[in-house]
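Okay, structure first, notes after.
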There are 2 protein chains.
Amino acid sequence: MTRSETQDPDIAGQLEAAATAQERFQIMYTVLRDRISMLDYPPGTQLSEEVLAGEFGISRSPLRKALQILEADGLVLSQQGVGTLVTDVDLDELAQVYQLRMELNELTGSLSPTLADDSLKTLFASMRLRAERLRATPDRQAFARLNIDFFHAFQLLTENQPLRDVSEKLFYRTCRIWLTLIPDRDLAAEVAIFSDEILAIADAVTVGDVGAAAHIRRAHLSMGFKRLTEMQQAEGAQAG
Amino acid sequence: MTRSETQDPDIAGQLEAAATAQERFQIMYTVLRDRISMLDYPPGTQLSEEVLAGEFGISRSPLRKALQILEADGLVLSQQGVGTLVTDVDLDELAQVYQLRMELNELTGSLSPTLADDSLKTLFASMRLRAERLRATPDRQAFARLNIDFFHAFQLLTENQPLRDVSEKLFYRTCRIWLTLIPDRDLAAEVAIFSDEILAIADAVTVGDVGAAAHIRRAHLSMGFKRLTEMQQAEGAQAG
DNA sequence: GAAAAGATATTTGTATACAAATAATCACAA
DNA sequence: TTGTGATTATTTGTATACAAATATCTTTTC
């Protein structure tokens, strides 16, 4: 049994239960994007259409749609005769995406900010809890998972749907860089920093200050990018 | 011979000449997006896969990829048993997209602004010329075409590729609203306003002030949205 | 005449066979 | 041994037949 199968039991069953083609597409797209983001499929991995279709219990045709959208997202690259390969995140792309994401996060606080209601506060309270648990026992997978889940929680702070869509595409375009770059010895430190960010933002949401939450997030994005570039240089120095 | 064929002569020939599948996709995607944006395919139009495949001289398979990306862009909606229909732009969507676009245009001037070199100045000079000609003899199609072309010229003012990509998707999501809402009696007035915008921005680019160009653009986006909502209300009042 | 039920037609979704492109392998010669 | 050419294998791209879903038309019944 492969790792991904332990994560996503019986995708074939879910697909069979889905009523419409759109639902089936959504399942396949989400599963594949998640596997790429969680490094179940590290950069360079070949995603064979035939193998995936077999696992999902369908033919290549509907699967190809999911792969084509992922290609438009920049997560994979398909070439005839070569294969469909998970893309790598290069530093230039990372810098540009982070530059833009910082500004967009600012907009999350100012453009149609959500009214912080009880359900939202409950959600961020659960994020706070997960952050504290993760800090107690750092773990790469759990870190990546919380990073993704917290992003989606943060998305709820704006009502502007296009802004949400755009932010999501940008997030998934580079989020796996953390798992690829953080060395084991720095994991606890990174987890602690991330945990602090979540706690601070959760506090801001609890008191209903969405704008403050956005500013904190922006600051952490900026510092996070700086640390990522340092990790990248350290890795390059080690290799060279 | 249909109208679109007079616009895009011999797509089938272009597709046959293309070397790779990616090029063929790019041709089909661009042609279809352009036809939707220019209202060759007004909202509600059914885009039959079989008919389009026939026109392009290919089978449904490669065509479907283009339609699927257009669906992800929000320009068409495919439903089994119904068809692939060009979407309509509703006012809520328009408002959210314009809100975001205004902020993004601000970023065009501040985030990695391009150095205004000679080729860029030449491009904006040609835009100025087209604007003046359009003002002399207002025309719906020419107005829409210049709107699209000027957008692409403006895109060159930032080096940030993700920002370009995002801005482009947002632009095409709503740009046909102008052709659908402007009444014939207001065409000359709208052309004059748009022409003024181009002249002002071209001036800013000519003196090398990209930031100023962005601010002008933002102001016109804001006023443009206001006029669009007024047109929409006027149309609604006429219908009701 | 109207409404409902069924049959028919139309359209996208899916499966599959084959084509095209690339990569890998192997044979062979220098 | 190494390089080169041809051959084979692998993979995505394309064409096509069929399935599934929806809409439309027809018929029937009240």
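Residue names in the structure tokens use chain letters A, B, ... in the order shown, residue numbers from 1 in each chain, and ligand numbers from 1 in the order shown.
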
What would chain A look like once superposed on chain B, with the fit done by least squares over all C-alpha atoms paired in order? Give it as a PDB file with C-alpha atoms, in the first residue's frame.
```pdb
ATOM      1  CA  MET A   1     -19.628  32.924 -44.291  1.00  0.00           C
ATOM      2  CA  THR A   2     -20.121  33.746 -40.616  1.00  0.00           C
ATOM      3  CA  ARG A   3     -18.763  36.856 -38.962  1.00  0.00           C
ATOM      4  CA  SER A   4     -16.159  35.065 -36.915  1.00  0.00           C
ATOM      5  CA  GLU A   5     -14.753  33.464 -40.032  1.00  0.00           C
ATOM      6  CA  THR A   6     -14.138  36.876 -41.528  1.00  0.00           C
ATOM      7  CA  GLN A   7     -12.256  37.787 -38.361  1.00  0.00           C
ATOM      8  CA  ASP A   8     -10.213  34.601 -38.093  1.00  0.00           C
ATOM      9  CA  PRO A   9      -9.601  33.221 -41.548  1.00  0.00           C
ATOM     10  CA  ASP A  10      -8.599  29.588 -41.764  1.00  0.00           C
ATOM     11  CA  ILE A  11      -8.093  28.521 -38.179  1.00  0.00           C
ATOM     12  CA  ALA A  12      -7.892  24.972 -39.470  1.00  0.00           C
ATOM     13  CA  GLY A  13      -4.866  25.926 -41.514  1.00  0.00           C
ATOM     14  CA  GLN A  14      -3.152  27.556 -38.558  1.00  0.00           C
ATOM     15  CA  LEU A  15      -3.797  24.466 -36.454  1.00  0.00           C
ATOM     16  CA  GLU A  16      -2.367  22.193 -39.101  1.00  0.00           C
ATOM     17  CA  ALA A  17       0.736  24.380 -39.363  1.00  0.00           C
ATOM     18  CA  ALA A  18       1.289  24.325 -35.586  1.00  0.00           C
ATOM     19  CA  ALA A  19       4.073  21.977 -34.576  1.00  0.00           C
ATOM     20  CA  THR A  20       3.086  20.975 -31.036  1.00  0.00           C
ATOM     21  CA  ALA A  21      -0.139  20.251 -29.169  1.00  0.00           C
ATOM     22  CA  GLN A  22       0.542  23.192 -26.883  1.00  0.00           C
ATOM     23  CA  GLU A  23       0.624  25.577 -29.842  1.00  0.00           C
ATOM     24  CA  ARG A  24      -2.605  24.142 -31.201  1.00  0.00           C
ATOM     25  CA  PHE A  25      -4.233  24.548 -27.798  1.00  0.00           C
ATOM     26  CA  GLN A  26      -3.030  28.139 -27.554  1.00  0.00           C
ATOM     27  CA  ILE A  27      -4.541  28.983 -30.940  1.00  0.00           C
ATOM     28  CA  MET A  28      -7.923  27.455 -30.112  1.00  0.00           C
ATOM     29  CA  TYR A  29      -8.027  28.973 -26.632  1.00  0.00           C
ATOM     30  CA  THR A  30      -7.135  32.456 -27.859  1.00  0.00           C
ATOM     31  CA  VAL A  31      -9.574  32.360 -30.775  1.00  0.00           C
ATOM     32  CA  LEU A  32     -12.473  31.220 -28.612  1.00  0.00           C
ATOM     33  CA  ARG A  33     -11.709  33.700 -25.826  1.00  0.00           C
ATOM     34  CA  ASP A  34     -11.499  36.474 -28.389  1.00  0.00           C
ATOM     35  CA  ARG A  35     -14.813  35.534 -29.975  1.00  0.00           C
ATOM     36  CA  ILE A  36     -16.485  35.512 -26.573  1.00  0.00           C
ATOM     37  CA  SER A  37     -14.927  38.841 -25.604  1.00  0.00           C
ATOM     38  CA  MET A  38     -15.849  40.472 -28.928  1.00  0.00           C
ATOM     39  CA  LEU A  39     -19.418  39.192 -28.579  1.00  0.00           C
ATOM     40  CA  ASP A  40     -19.162  37.055 -31.690  1.00  0.00           C
ATOM     41  CA  TYR A  41     -20.509  34.596 -29.143  1.00  0.00           C
ATOM     42  CA  PRO A  42     -22.847  36.641 -26.927  1.00  0.00           C
ATOM     43  CA  PRO A  43     -23.751  35.356 -23.440  1.00  0.00           C
ATOM     44  CA  GLY A  44     -26.028  32.344 -23.709  1.00  0.00           C
ATOM     45  CA  THR A  45     -24.563  31.207 -27.032  1.00  0.00           C
ATOM     46  CA  GLN A  46     -24.174  27.470 -27.292  1.00  0.00           C
ATOM     47  CA  LEU A  47     -20.699  26.403 -28.370  1.00  0.00           C
ATOM     48  CA  SER A  48     -21.236  22.984 -29.898  1.00  0.00           C
ATOM     49  CA  GLU A  49     -18.144  20.805 -29.595  1.00  0.00           C
ATOM     50  CA  GLU A  50     -18.970  19.005 -32.796  1.00  0.00           C
ATOM     51  CA  VAL A  51     -19.530  22.203 -34.798  1.00  0.00           C
ATOM     52  CA  LEU A  52     -16.359  23.872 -33.498  1.00  0.00           C
ATOM     53  CA  ALA A  53     -14.303  20.736 -34.052  1.00  0.00           C
ATOM     54  CA  GLY A  54     -15.606  20.698 -37.595  1.00  0.00           C
ATOM     55  CA  GLU A  55     -14.682  24.315 -38.191  1.00  0.00           C
ATOM     56  CA  PHE A  56     -11.195  23.765 -36.756  1.00  0.00           C
ATOM     57  CA  GLY A  57     -10.713  20.583 -38.728  1.00  0.00           C
ATOM     58  CA  ILE A  58      -9.991  18.431 -35.687  1.00  0.00           C
ATOM     59  CA  SER A  59     -11.824  16.010 -33.389  1.00  0.00           C
ATOM     60  CA  ARG A  60     -13.606  16.892 -30.174  1.00  0.00           C
ATOM     61  CA  SER A  61     -10.776  15.698 -27.916  1.00  0.00           C
ATOM     62  CA  PRO A  62      -8.263  18.550 -28.340  1.00  0.00           C
ATOM     63  CA  LEU A  63     -11.061  21.090 -28.613  1.00  0.00           C
ATOM     64  CA  ARG A  64     -12.453  20.015 -25.262  1.00  0.00           C
ATOM     65  CA  LYS A  65      -9.238  21.036 -23.527  1.00  0.00           C
ATOM     66  CA  ALA A  66      -9.693  24.626 -24.712  1.00  0.00           C
ATOM     67  CA  LEU A  67     -13.325  24.623 -23.572  1.00  0.00           C
ATOM     68  CA  GLN A  68     -12.362  23.177 -20.194  1.00  0.00           C
ATOM     69  CA  ILE A  69      -9.844  25.923 -19.545  1.00  0.00           C
ATOM     70  CA  LEU A  70     -12.397  28.516 -20.629  1.00  0.00           C
ATOM     71  CA  GLU A  71     -14.775  26.933 -18.132  1.00  0.00           C
ATOM     72  CA  ALA A  72     -12.142  27.265 -15.395  1.00  0.00           C
ATOM     73  CA  ASP A  73     -11.851  30.927 -16.447  1.00  0.00           C
ATOM     74  CA  GLY A  74     -15.576  31.331 -15.942  1.00  0.00           C
ATOM     75  CA  LEU A  75     -16.275  32.221 -19.584  1.00  0.00           C
ATOM     76  CA  VAL A  76     -18.343  29.164 -20.445  1.00  0.00           C
ATOM     77  CA  LEU A  77     -20.286  26.509 -18.565  1.00  0.00           C
ATOM     78  CA  SER A  78     -20.545  22.914 -19.752  1.00  0.00           C
ATOM     79  CA  GLN A  79     -23.355  20.615 -18.707  1.00  0.00           C
ATOM     80  CA  GLN A  80     -23.941  17.091 -19.854  1.00  0.00           C
ATOM     81  CA  GLY A  81     -27.066  16.846 -21.960  1.00  0.00           C
ATOM     82  CA  VAL A  82     -27.394  20.625 -22.173  1.00  0.00           C
ATOM     83  CA  GLY A  83     -24.360  22.051 -23.914  1.00  0.00           C
ATOM     84  CA  THR A  84     -21.499  24.476 -23.455  1.00  0.00           C
ATOM     85  CA  LEU A  85     -22.958  27.951 -22.965  1.00  0.00           C
ATOM     86  CA  VAL A  86     -21.232  31.323 -22.831  1.00  0.00           C
ATOM     87  CA  THR A  87     -21.749  32.724 -19.348  1.00  0.00           C
ATOM     88  CA  ASP A  88     -23.348  36.021 -18.504  1.00  0.00           C
ATOM     89  CA  VAL A  89     -21.668  38.668 -16.317  1.00  0.00           C
ATOM     90  CA  ASP A  90     -23.798  39.459 -13.308  1.00  0.00           C
ATOM     91  CA  LEU A  91     -23.486  42.689 -11.399  1.00  0.00           C
ATOM     92  CA  ASP A  92     -22.174  41.161  -8.161  1.00  0.00           C
ATOM     93  CA  GLU A  93     -19.359  39.447 -10.006  1.00  0.00           C
ATOM     94  CA  LEU A  94     -18.616  42.647 -11.896  1.00  0.00           C
ATOM     95  CA  ALA A  95     -18.380  44.645  -8.681  1.00  0.00           C
ATOM     96  CA  GLN A  96     -16.030  42.181  -7.002  1.00  0.00           C
ATOM     97  CA  VAL A  97     -13.808  41.843 -10.037  1.00  0.00           C
ATOM     98  CA  TYR A  98     -13.566  45.594 -10.496  1.00  0.00           C
ATOM     99  CA  GLN A  99     -12.793  46.120  -6.800  1.00  0.00           C
ATOM    100  CA  LEU A 100      -9.900  43.719  -7.099  1.00  0.00           C
ATOM    101  CA  ARG A 101      -8.724  45.008 -10.475  1.00  0.00           C
ATOM    102  CA  MET A 102      -8.473  48.532  -9.114  1.00  0.00           C
ATOM    103  CA  GLU A 103      -6.105  47.378  -6.402  1.00  0.00           C
ATOM    104  CA  LEU A 104      -4.121  45.200  -8.787  1.00  0.00           C
ATOM    105  CA  ASN A 105      -3.630  48.124 -11.147  1.00  0.00           C
ATOM    106  CA  GLU A 106      -2.161  50.043  -8.278  1.00  0.00           C
ATOM    107  CA  LEU A 107       0.314  47.200  -7.888  1.00  0.00           C
ATOM    108  CA  THR A 108       1.214  47.378 -11.577  1.00  0.00           C
ATOM    109  CA  GLY A 109       2.748  50.761 -10.850  1.00  0.00           C
ATOM    110  CA  SER A 110       4.463  49.783  -7.633  1.00  0.00           C
ATOM    111  CA  LEU A 111       5.371  46.089  -7.980  1.00  0.00           C
ATOM    112  CA  SER A 112       8.331  45.609 -10.311  1.00  0.00           C
ATOM    113  CA  PRO A 113       7.390  48.478 -12.625  1.00  0.00           C
ATOM    114  CA  THR A 114       8.901  48.165 -16.057  1.00  0.00           C
ATOM    115  CA  LEU A 115      11.526  50.622 -17.190  1.00  0.00           C
ATOM    116  CA  ALA A 116       9.793  52.650 -19.905  1.00  0.00           C
ATOM    117  CA  ASP A 117      12.056  51.981 -22.862  1.00  0.00           C
ATOM    118  CA  ASP A 118      11.693  53.061 -26.479  1.00  0.00           C
ATOM    119  CA  SER A 119       9.741  50.048 -27.679  1.00  0.00           C
ATOM    120  CA  LEU A 120       7.221  50.578 -24.886  1.00  0.00           C
ATOM    121  CA  LYS A 121       6.867  54.257 -25.728  1.00  0.00           C
ATOM    122  CA  THR A 122       6.405  53.368 -29.395  1.00  0.00           C
ATOM    123  CA  LEU A 123       3.664  50.932 -28.465  1.00  0.00           C
ATOM    124  CA  PHE A 124       1.796  53.511 -26.410  1.00  0.00           C
ATOM    125  CA  ALA A 125       2.237  56.051 -29.195  1.00  0.00           C
ATOM    126  CA  SER A 126       0.457  53.672 -31.549  1.00  0.00           C
ATOM    127  CA  MET A 127      -2.272  53.247 -28.919  1.00  0.00           C
ATOM    128  CA  ARG A 128      -2.653  57.013 -28.814  1.00  0.00           C
ATOM    129  CA  LEU A 129      -3.034  57.063 -32.580  1.00  0.00           C
ATOM    130  CA  ARG A 130      -5.697  54.366 -32.560  1.00  0.00           C
ATOM    131  CA  ALA A 131      -7.547  56.154 -29.777  1.00  0.00           C
ATOM    132  CA  GLU A 132      -7.680  59.383 -31.783  1.00  0.00           C
ATOM    133  CA  ARG A 133      -8.882  57.575 -34.887  1.00  0.00           C
ATOM    134  CA  LEU A 134     -11.554  55.783 -32.903  1.00  0.00           C
ATOM    135  CA  ARG A 135     -12.754  59.066 -31.428  1.00  0.00           C
ATOM    136  CA  ALA A 136     -13.064  60.463 -34.952  1.00  0.00           C
ATOM    137  CA  THR A 137     -15.221  57.565 -36.102  1.00  0.00           C
ATOM    138  CA  PRO A 138     -16.700  55.652 -33.152  1.00  0.00           C
ATOM    139  CA  ASP A 139     -17.344  51.970 -33.777  1.00  0.00           C
ATOM    140  CA  ARG A 140     -18.416  49.243 -31.359  1.00  0.00           C
ATOM    141  CA  GLN A 141     -16.072  46.534 -32.619  1.00  0.00           C
ATOM    142  CA  ALA A 142     -13.096  48.857 -32.867  1.00  0.00           C
ATOM    143  CA  PHE A 143     -13.825  50.107 -29.356  1.00  0.00           C
ATOM    144  CA  ALA A 144     -13.857  46.593 -27.955  1.00  0.00           C
ATOM    145  CA  ARG A 145     -10.714  45.682 -29.860  1.00  0.00           C
ATOM    146  CA  LEU A 146      -8.816  48.715 -28.624  1.00  0.00           C
ATOM    147  CA  ASN A 147     -10.004  48.014 -25.087  1.00  0.00           C
ATOM    148  CA  ILE A 148      -8.448  44.557 -25.283  1.00  0.00           C
ATOM    149  CA  ASP A 149      -5.255  45.648 -27.012  1.00  0.00           C
ATOM    150  CA  PHE A 150      -4.732  48.545 -24.645  1.00  0.00           C
ATOM    151  CA  PHE A 151      -5.134  46.201 -21.703  1.00  0.00           C
ATOM    152  CA  HIS A 152      -2.321  44.038 -23.021  1.00  0.00           C
ATOM    153  CA  ALA A 153      -0.138  47.097 -23.557  1.00  0.00           C
ATOM    154  CA  PHE A 154      -0.781  48.199 -19.989  1.00  0.00           C
ATOM    155  CA  GLN A 155       0.205  44.745 -18.784  1.00  0.00           C
ATOM    156  CA  LEU A 156       3.729  45.387 -20.020  1.00  0.00           C
ATOM    157  CA  LEU A 157       4.155  48.049 -17.332  1.00  0.00           C
ATOM    158  CA  THR A 158       4.913  45.431 -14.685  1.00  0.00           C
ATOM    159  CA  GLU A 159       7.541  42.703 -14.720  1.00  0.00           C
ATOM    160  CA  ASN A 160       5.676  40.612 -12.171  1.00  0.00           C
ATOM    161  CA  GLN A 161       4.436  37.642 -14.187  1.00  0.00           C
ATOM    162  CA  PRO A 162       1.921  36.268 -11.663  1.00  0.00           C
ATOM    163  CA  LEU A 163       0.397  39.742 -11.462  1.00  0.00           C
ATOM    164  CA  ARG A 164       0.108  39.770 -15.237  1.00  0.00           C
ATOM    165  CA  ASP A 165      -1.517  36.344 -15.311  1.00  0.00           C
ATOM    166  CA  VAL A 166      -4.000  37.209 -12.602  1.00  0.00           C
ATOM    167  CA  SER A 167      -4.877  40.580 -14.145  1.00  0.00           C
ATOM    168  CA  GLU A 168      -5.471  38.989 -17.517  1.00  0.00           C
ATOM    169  CA  LYS A 169      -7.861  36.382 -16.172  1.00  0.00           C
ATOM    170  CA  LEU A 170      -9.820  39.046 -14.324  1.00  0.00           C
ATOM    171  CA  PHE A 171      -9.923  41.360 -17.336  1.00  0.00           C
ATOM    172  CA  TYR A 172     -11.338  38.756 -19.691  1.00  0.00           C
ATOM    173  CA  ARG A 173     -13.843  37.654 -17.098  1.00  0.00           C
ATOM    174  CA  THR A 174     -15.826  40.876 -17.440  1.00  0.00           C
ATOM    175  CA  CYS A 175     -14.568  42.924 -20.406  1.00  0.00           C
ATOM    176  CA  ARG A 176     -17.455  41.967 -22.693  1.00  0.00           C
ATOM    177  CA  ILE A 177     -19.798  43.770 -20.315  1.00  0.00           C
ATOM    178  CA  TRP A 178     -19.001  47.002 -22.166  1.00  0.00           C
ATOM    179  CA  LEU A 179     -20.275  45.704 -25.485  1.00  0.00           C
ATOM    180  CA  THR A 180     -23.377  44.297 -23.839  1.00  0.00           C
ATOM    181  CA  LEU A 181     -24.295  47.402 -21.863  1.00  0.00           C
ATOM    182  CA  ILE A 182     -23.317  50.460 -23.912  1.00  0.00           C
ATOM    183  CA  PRO A 183     -26.376  51.721 -25.786  1.00  0.00           C
ATOM    184  CA  ASP A 184     -25.734  53.000 -29.299  1.00  0.00           C
ATOM    185  CA  ARG A 185     -26.556  56.560 -28.331  1.00  0.00           C
ATOM    186  CA  ASP A 186     -23.806  56.543 -25.658  1.00  0.00           C
ATOM    187  CA  LEU A 187     -21.123  54.962 -27.823  1.00  0.00           C
ATOM    188  CA  ALA A 188     -19.495  58.227 -28.924  1.00  0.00           C
ATOM    189  CA  ALA A 189     -19.410  59.515 -25.353  1.00  0.00           C
ATOM    190  CA  GLU A 190     -17.852  56.295 -24.016  1.00  0.00           C
ATOM    191  CA  VAL A 191     -15.324  56.253 -26.826  1.00  0.00           C
ATOM    192  CA  ALA A 192     -14.346  59.832 -25.991  1.00  0.00           C
ATOM    193  CA  ILE A 193     -13.841  58.979 -22.310  1.00  0.00           C
ATOM    194  CA  PHE A 194     -11.809  55.895 -23.143  1.00  0.00           C
ATOM    195  CA  SER A 195      -9.779  57.834 -25.677  1.00  0.00           C
ATOM    196  CA  ASP A 196      -8.965  60.441 -23.035  1.00  0.00           C
ATOM    197  CA  GLU A 197      -7.804  57.692 -20.693  1.00  0.00           C
ATOM    198  CA  ILE A 198      -5.456  56.259 -23.292  1.00  0.00           C
ATOM    199  CA  LEU A 199      -4.020  59.662 -24.114  1.00  0.00           C
ATOM    200  CA  ALA A 200      -3.401  60.464 -20.457  1.00  0.00           C
ATOM    201  CA  ILE A 201      -1.761  57.106 -19.765  1.00  0.00           C
ATOM    202  CA  ALA A 202       0.315  57.308 -22.924  1.00  0.00           C
ATOM    203  CA  ASP A 203       1.562  60.702 -21.761  1.00  0.00           C
ATOM    204  CA  ALA A 204       2.541  59.271 -18.402  1.00  0.00           C
ATOM    205  CA  VAL A 205       4.404  56.381 -20.027  1.00  0.00           C
ATOM    206  CA  THR A 206       6.137  58.749 -22.439  1.00  0.00           C
ATOM    207  CA  VAL A 207       7.617  60.732 -19.578  1.00  0.00           C
ATOM    208  CA  GLY A 208       8.521  57.458 -17.878  1.00  0.00           C
ATOM    209  CA  ASP A 209       6.142  57.721 -14.936  1.00  0.00           C
ATOM    210  CA  VAL A 210       4.658  54.229 -14.691  1.00  0.00           C
ATOM    211  CA  GLY A 211       3.244  54.954 -11.249  1.00  0.00           C
ATOM    212  CA  ALA A 212       1.239  57.871 -12.613  1.00  0.00           C
ATOM    213  CA  ALA A 213      -0.039  55.689 -15.444  1.00  0.00           C
ATOM    214  CA  ALA A 214      -1.272  53.163 -12.898  1.00  0.00           C
ATOM    215  CA  HIS A 215      -3.077  55.817 -10.872  1.00  0.00           C
ATOM    216  CA  ILE A 216      -4.822  57.187 -13.961  1.00  0.00           C
ATOM    217  CA  ARG A 217      -5.873  53.706 -14.927  1.00  0.00           C
ATOM    218  CA  ARG A 218      -7.217  53.028 -11.482  1.00  0.00           C
ATOM    219  CA  ALA A 219      -9.268  56.221 -11.493  1.00  0.00           C
ATOM    220  CA  HIS A 220     -10.762  55.344 -14.864  1.00  0.00           C
ATOM    221  CA  LEU A 221     -11.554  51.816 -13.731  1.00  0.00           C
ATOM    222  CA  SER A 222     -13.420  53.251 -10.773  1.00  0.00           C
ATOM    223  CA  MET A 223     -15.394  55.717 -12.881  1.00  0.00           C
ATOM    224  CA  GLY A 224     -15.981  53.100 -15.550  1.00  0.00           C
ATOM    225  CA  PHE A 225     -17.510  50.729 -13.037  1.00  0.00           C
ATOM    226  CA  LYS A 226     -19.798  53.471 -11.807  1.00  0.00           C
ATOM    227  CA  ARG A 227     -21.003  54.180 -15.337  1.00  0.00           C
ATOM    228  CA  LEU A 228     -21.497  50.463 -15.979  1.00  0.00           C
ATOM    229  CA  THR A 229     -23.760  50.113 -12.956  1.00  0.00           C
ATOM    230  CA  GLU A 230     -25.749  53.125 -14.144  1.00  0.00           C
ATOM    231  CA  MET A 231     -26.104  51.604 -17.614  1.00  0.00           C
ATOM    232  CA  GLN A 232     -27.216  48.372 -16.024  1.00  0.00           C
ATOM    233  CA  GLN A 233     -29.855  50.121 -13.968  1.00  0.00           C
ATOM    234  CA  ALA A 234     -31.038  52.098 -16.974  1.00  0.00           C
ATOM    235  CA  GLU A 235     -31.354  48.891 -18.943  1.00  0.00           C
ATOM    236  CA  GLY A 236     -33.231  47.231 -16.095  1.00  0.00           C
ATOM    237  CA  ALA A 237     -35.603  50.197 -15.834  1.00  0.00           C
ATOM    238  CA  GLN A 238     -36.289  50.024 -19.558  1.00  0.00           C
ATOM    239  CA  ALA A 239     -36.977  46.304 -19.426  1.00  0.00           C
ATOM    240  CA  GLY A 240     -39.133  46.498 -16.305  1.00  0.00           C
TER     241      GLY A 240
END
```

**OP:** Return as a PyMOL selection string the full set of residues in chain B whose backbone-based DSSP assignment is alpha helix (DSSP H).
**Re:** chain B and resi 3-7+11-17+21-37+49-56+60-73+91-110+118-136+140-155+161-174+177-181+187-206+210-239

Test item: chain C residues at most 7 Å from chain B, counting only C-alpha atoms (C1' of nucleotides), as a PDB file with C-alpha atoms (C1' of nucleotides), in the first residue's frame:
```pdb
ATOM      1  C1'  DT C  11     -25.226  17.186 -26.295  1.00  0.00           C
ATOM      2  C1'  DT C  12     -21.562  16.427 -23.222  1.00  0.00           C
ATOM      3  C1'  DG C  13     -19.055  12.619 -20.622  1.00  0.00           C
TER       4       DG C  13
END
```

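Using only C-alpha atoms (C1' of nucleotides), the part of chain D that sits within 12 Å of chain A is made up of DA9, DT10, DT11, DT12, DG13, DT14, DA20 and DA21 of chain D.
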
**OP:** Considering only C-alpha atoms (C1' of nucleotides), return as a list in words whatever protein or nucleic-acid residues lie within 10 Å of DT8 in chain C, sequence-local ones (same chain, fewer than 4 positions apart) excluded.
**Re:** DT24, DC25 and DT26 of chain D

Original post:
Hey, what's within 12 Å of DA3 in chain C if we count only C-alpha atoms (C1' of nucleotides) and toss same-chain stuff fewer than 5 positions away? As a ChimeraX atom specification, please?
Top reply: /D:28-30

Please write the residues from the selection above to a file, keeping N, CA, C and O atoms (P, O5', C5', C4', C3', O3' and C1' of nucleotides), as a PDB file, in the first residue's frame.
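Written output follows (again-v4.pdb):
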```pdb
ATOM      1  P    DT D  28     -51.302   7.496 -29.423  1.00  0.00           P
ATOM      2  O5'  DT D  28     -51.750   7.617 -27.901  1.00  0.00           O
ATOM      3  C5'  DT D  28     -50.826   7.267 -26.861  1.00  0.00           C
ATOM      4  C4'  DT D  28     -51.345   7.773 -25.526  1.00  0.00           C
ATOM      5  C3'  DT D  28     -52.859   7.561 -25.303  1.00  0.00           C
ATOM      6  O3'  DT D  28     -53.054   6.902 -24.065  1.00  0.00           O
ATOM      7  C1'  DT D  28     -52.232   9.791 -24.803  1.00  0.00           C
ATOM      8  P    DT D  29     -54.419   6.122 -23.800  1.00  0.00           P
ATOM      9  O5'  DT D  29     -54.976   6.879 -22.511  1.00  0.00           O
ATOM     10  C5'  DT D  29     -54.053   7.317 -21.495  1.00  0.00           C
ATOM     11  C4'  DT D  29     -54.644   8.512 -20.764  1.00  0.00           C
ATOM     12  C3'  DT D  29     -56.155   8.437 -20.519  1.00  0.00           C
ATOM     13  O3'  DT D  29     -56.424   8.601 -19.135  1.00  0.00           O
ATOM     14  C1'  DT D  29     -55.557  10.549 -21.387  1.00  0.00           C
ATOM     15  P    DC D  30     -57.777   8.074 -18.500  1.00  0.00           P
ATOM     16  O5'  DC D  30     -58.421   9.374 -17.861  1.00  0.00           O
ATOM     17  C5'  DC D  30     -57.642  10.200 -16.983  1.00  0.00           C
ATOM     18  C4'  DC D  30     -58.100  11.638 -17.121  1.00  0.00           C
ATOM     19  C3'  DC D  30     -59.612  11.829 -17.035  1.00  0.00           C
ATOM     20  O3'  DC D  30     -59.954  12.257 -15.712  1.00  0.00           O
ATOM     21  C1'  DC D  30     -58.596  13.204 -18.737  1.00  0.00           C
TER      22       DC D  30
END
```

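Near DA17 in chain C, within 12 Å and counting only C-alpha atoms (C1' of nucleotides), sit DT14, DA15, DT16 and DA17 of chain D; same-chain residues fewer than 5 positions away were not included.
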
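You will find C1' of DG5 in chain D at 9.0 Å from C1' of DA27 in chain C.
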
Original post:
Any idea what's packed within 10 Å of DT8 in chain D, counting only C-alpha atoms (C1' of nucleotides), ignoring anything in its chain fewer than 5 positions away? Could you give it as a PyMOL selection string?
Top reply: chain C and resi 24-26

Output of the above residues as a tab-separated table (two decimals), in the first residue's frame, restricted to N, CA, C and O atoms (P, O5', C5', C4', C3', O3' and C1' of nucleotides):
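File produced: again_33.tsv:
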```tsv
chain	number	residue	atom	x	y	z
C	24	DA	P	15.23	8.24	-20.64
C	24	DA	O5'	15.43	6.71	-21.01
C	24	DA	C5'	14.31	5.84	-20.90
C	24	DA	C4'	14.60	4.52	-21.57
C	24	DA	C3'	15.98	3.94	-21.26
C	24	DA	O3'	15.83	2.58	-20.87
C	24	DA	C1'	15.65	4.05	-23.61
C	25	DT	P	17.11	1.74	-20.42
C	25	DT	O5'	17.34	0.77	-21.64
C	25	DT	C5'	16.20	0.17	-22.27
C	25	DT	C4'	16.64	-0.53	-23.54
C	25	DT	C3'	17.96	-1.28	-23.44
C	25	DT	O3'	17.73	-2.66	-23.73
C	25	DT	C1'	17.89	0.04	-25.40
C	26	DC	P	18.88	-3.71	-23.48
C	26	DC	O5'	19.38	-3.99	-24.97
C	26	DC	C5'	18.43	-4.06	-26.03
C	26	DC	C4'	19.15	-3.99	-27.36
C	26	DC	C3'	20.49	-4.72	-27.40
C	26	DC	O3'	20.50	-5.63	-28.48
C	26	DC	C1'	20.72	-2.53	-28.25
```

**OP:** Using DSSP on the backbone coordinates, identify the residues of range 50-186 of chain A assigned to strand (DSSP E); present them as a PyMOL selection string.
**Re:** chain A and resi 76-79+83-86
